[in-house]
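Just below is one structure, and these are the notes that go with it.
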Amino acid sequence: MPILNKDMTLCISLSARPSNLGTRFHNYLYEELGLNFIYKAFAPVNLADAIAGVRGLGIRGCAVSMPYKEDVIALIDEMDASASAINSVNTIVNDGGHLTAYNTDYSAVQRLLAEHDVPSALSVIVRGSGGMAKAVAAALHHAGFIRGTIVARNEVTGRAVATLYGYDWAPEVGALTADLIVNVTPVGMAGGADADHTSFPATAIIAASVVFDVVASPAETPLIVAARKLGTAVITGAEVVALQAEEQFFLYTGIRPTPDQVRRASAFSRTP
């Protein structure tokens with residue numbers, strides 16, 4: 001990586017619980033491609049001040065993670081179709097002080113469903129109702145998954161997502177089962193209060209033919225580990241992060257890394 005200098009372009013991420021995944025992914029590719037860029041993760045004390053800093057300091061790109069994907073909308077200038085379609089943001093690009101919001105989570109989930117050949121005839125349960133859950137529900141809906149349930153304790157947000165995409169709503173998983181189960185909550189995330197827990201009961205995991213956990217750190221969450229022990233097909237949060245980060249990298253730099261470069265950057269991002 002180049003020595004820090006006045007002409008270096010800064011990209012950042014904003015999250016309540018930052019990890020090194022994005023930092024290592026982007027900086028790996030900056031170094032490999034010889035780009036005068038640097039990437040740093042932040043946990044903002046004040047979201048509005050952080051976005052004002054992106055604009056005022058000329059920060060080129062800003063990744064947005066939980067719980068800011070909807071709150072940030074009021075602070076930017078323009079919504080790309082990928083973000084406005086689901087009213088959720090995970091990427092901001094700064095062009096001379098003009099902030100445009102995107103959602104690369106949506107496209108990443110769509111790609112993964114296709115790459116893993118997940119049949120759209122499957123029934124689905126999505127646990128969660130935040131910004132990432134919207135992206136997942138939208139990707140499922142637009143891929144033809146018509147039988148689904150949004151599980152969320154917050155009835156207002158849960159029903160809103162369910163209604164938007166034609167799914168049912170339930171406050172708890174309980175005895176519900178489905179062919180495809182998707183965790184879009186922090187349950188199983190490293191460092192969290194529920195790091196050692198699975199987001200679905202054993203009955204739901206056993207009944208599923210595909211288990212998808214968007215939690216990226218660790219890639220092998222308790223839910224993914226439980227599914228692998230049963231021989232069930234899985235999609236991991238590490239896969240989501242790699243594909244959405246690839247698209248972010250392109251938006252920030254204008255350079256599309258090769259599949260091999262993405263694979264190596266993703267592997268590097270998960271090393272201790």
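Chain labels run A, B, ... following the order of the structure tokens; each chain numbers its residues from 1, and ligands are numbered from 1 in the order shown.
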- Item | Those of region 39-199 of chain A in DSSP alpha helix (DSSP H), formatted as a ChimeraX atom specification | /A:47-56,81-84,104-115,131-142,155-165
Could you save those same residues with C-alpha atoms as a compact mmCIF listing (two decimals), in the first residue's frame?
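New file result06.txt:
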```
# COMPACT_ATOMS: atom_id res chain seq x y z
CA LEU A 47 -24.69 9.63 11.84
CA ALA A 48 -25.55 13.09 10.50
CA ASP A 49 -22.12 14.41 11.46
CA ALA A 50 -20.47 11.39 9.85
CA ILE A 51 -22.26 11.92 6.53
CA ALA A 52 -21.46 15.64 6.68
CA GLY A 53 -17.83 14.58 7.05
CA VAL A 54 -18.09 12.36 3.96
CA ARG A 55 -19.35 15.34 1.99
CA GLY A 56 -17.10 18.00 3.48
CA ALA A 81 -32.71 2.75 -8.47
CA SER A 82 -31.05 -0.10 -6.54
CA ALA A 83 -31.59 1.80 -3.28
CA SER A 84 -34.88 3.56 -4.00
CA THR A 104 -25.29 -3.60 -3.58
CA ASP A 105 -26.71 -6.10 -1.05
CA TYR A 106 -29.72 -6.62 -3.29
CA SER A 107 -27.68 -7.54 -6.37
CA ALA A 108 -25.38 -9.76 -4.29
CA VAL A 109 -28.30 -11.79 -2.92
CA GLN A 110 -29.80 -12.16 -6.40
CA ARG A 111 -26.49 -13.41 -7.78
CA LEU A 112 -26.05 -15.91 -4.96
CA LEU A 113 -29.54 -17.36 -5.38
CA ALA A 114 -28.75 -17.90 -9.06
CA GLU A 115 -25.21 -19.21 -8.52
CA GLY A 131 -32.60 -2.65 5.71
CA MET A 132 -30.76 -5.86 4.85
CA ALA A 133 -33.97 -7.86 5.31
CA LYS A 134 -35.62 -5.58 2.76
CA ALA A 135 -32.82 -6.28 0.30
CA VAL A 136 -33.16 -10.03 0.85
CA ALA A 137 -36.96 -9.99 0.59
CA ALA A 138 -36.83 -7.87 -2.57
CA ALA A 139 -34.25 -10.16 -4.18
CA LEU A 140 -36.34 -13.23 -3.33
CA HIS A 141 -39.55 -11.64 -4.59
CA HIS A 142 -38.01 -10.49 -7.85
CA GLU A 155 -44.93 -5.80 13.95
CA VAL A 156 -44.84 -2.43 12.20
CA THR A 157 -41.64 -3.04 10.25
CA GLY A 158 -42.29 -6.76 9.85
CA ARG A 159 -45.73 -6.29 8.36
CA ALA A 160 -44.45 -3.46 6.16
CA VAL A 161 -41.78 -5.66 4.55
CA ALA A 162 -44.18 -8.59 4.26
CA THR A 163 -46.88 -6.47 2.63
CA LEU A 164 -44.43 -4.84 0.24
CA TYR A 165 -43.36 -8.17 -1.21
```
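When CA of Val234 (chain A) is paired with CA of Glu247 (chain A), their separation reads 22.4 Å.
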- Top pick for closest residue to Gly144 (chain A), considering A:Pro119, A:Leu230, A:Ser19, A:Gly128 and counting only C-alpha atoms: A:Pro119
- Query: Taking the backbone alone, and naming residues the way the document does, which bits of region 74-267 of chain A are strand (DSSP E) by DSSP, as an NGL selection string?
  - Reply: :A and (78-79 or 91-95 or 98-102 or 124-127 or 148-151 or 168-170 or 180-183 or 210-213 or 233-235)
Could you list, with a cut-off of 9 Å and counting only C-alpha atoms, the residues of region 226-270 of chain A near region 60-65 of chain A, each shown with its nearest atom pair and the distance in Å rounded to one decimal, rows sorted by chain and ascending number, as JSON lines?
```
{"residue": "A:Ala245", "atom": "CA", "partner": "A:Ala63", "partner_atom": "CA", "distance": 8.9}
{"residue": "A:Gln248", "atom": "CA", "partner": "A:Ala63", "partner_atom": "CA", "distance": 7.8}
{"residue": "A:Phe249", "atom": "CA", "partner": "A:Gly61", "partner_atom": "CA", "distance": 8.9}
{"residue": "A:Leu251", "atom": "CA", "partner": "A:Gly61", "partner_atom": "CA", "distance": 8.1}
{"residue": "A:Tyr252", "atom": "CA", "partner": "A:Gly61", "partner_atom": "CA", "distance": 5.7}
{"residue": "A:Thr253", "atom": "CA", "partner": "A:Arg60", "partner_atom": "CA", "distance": 8.8}
```
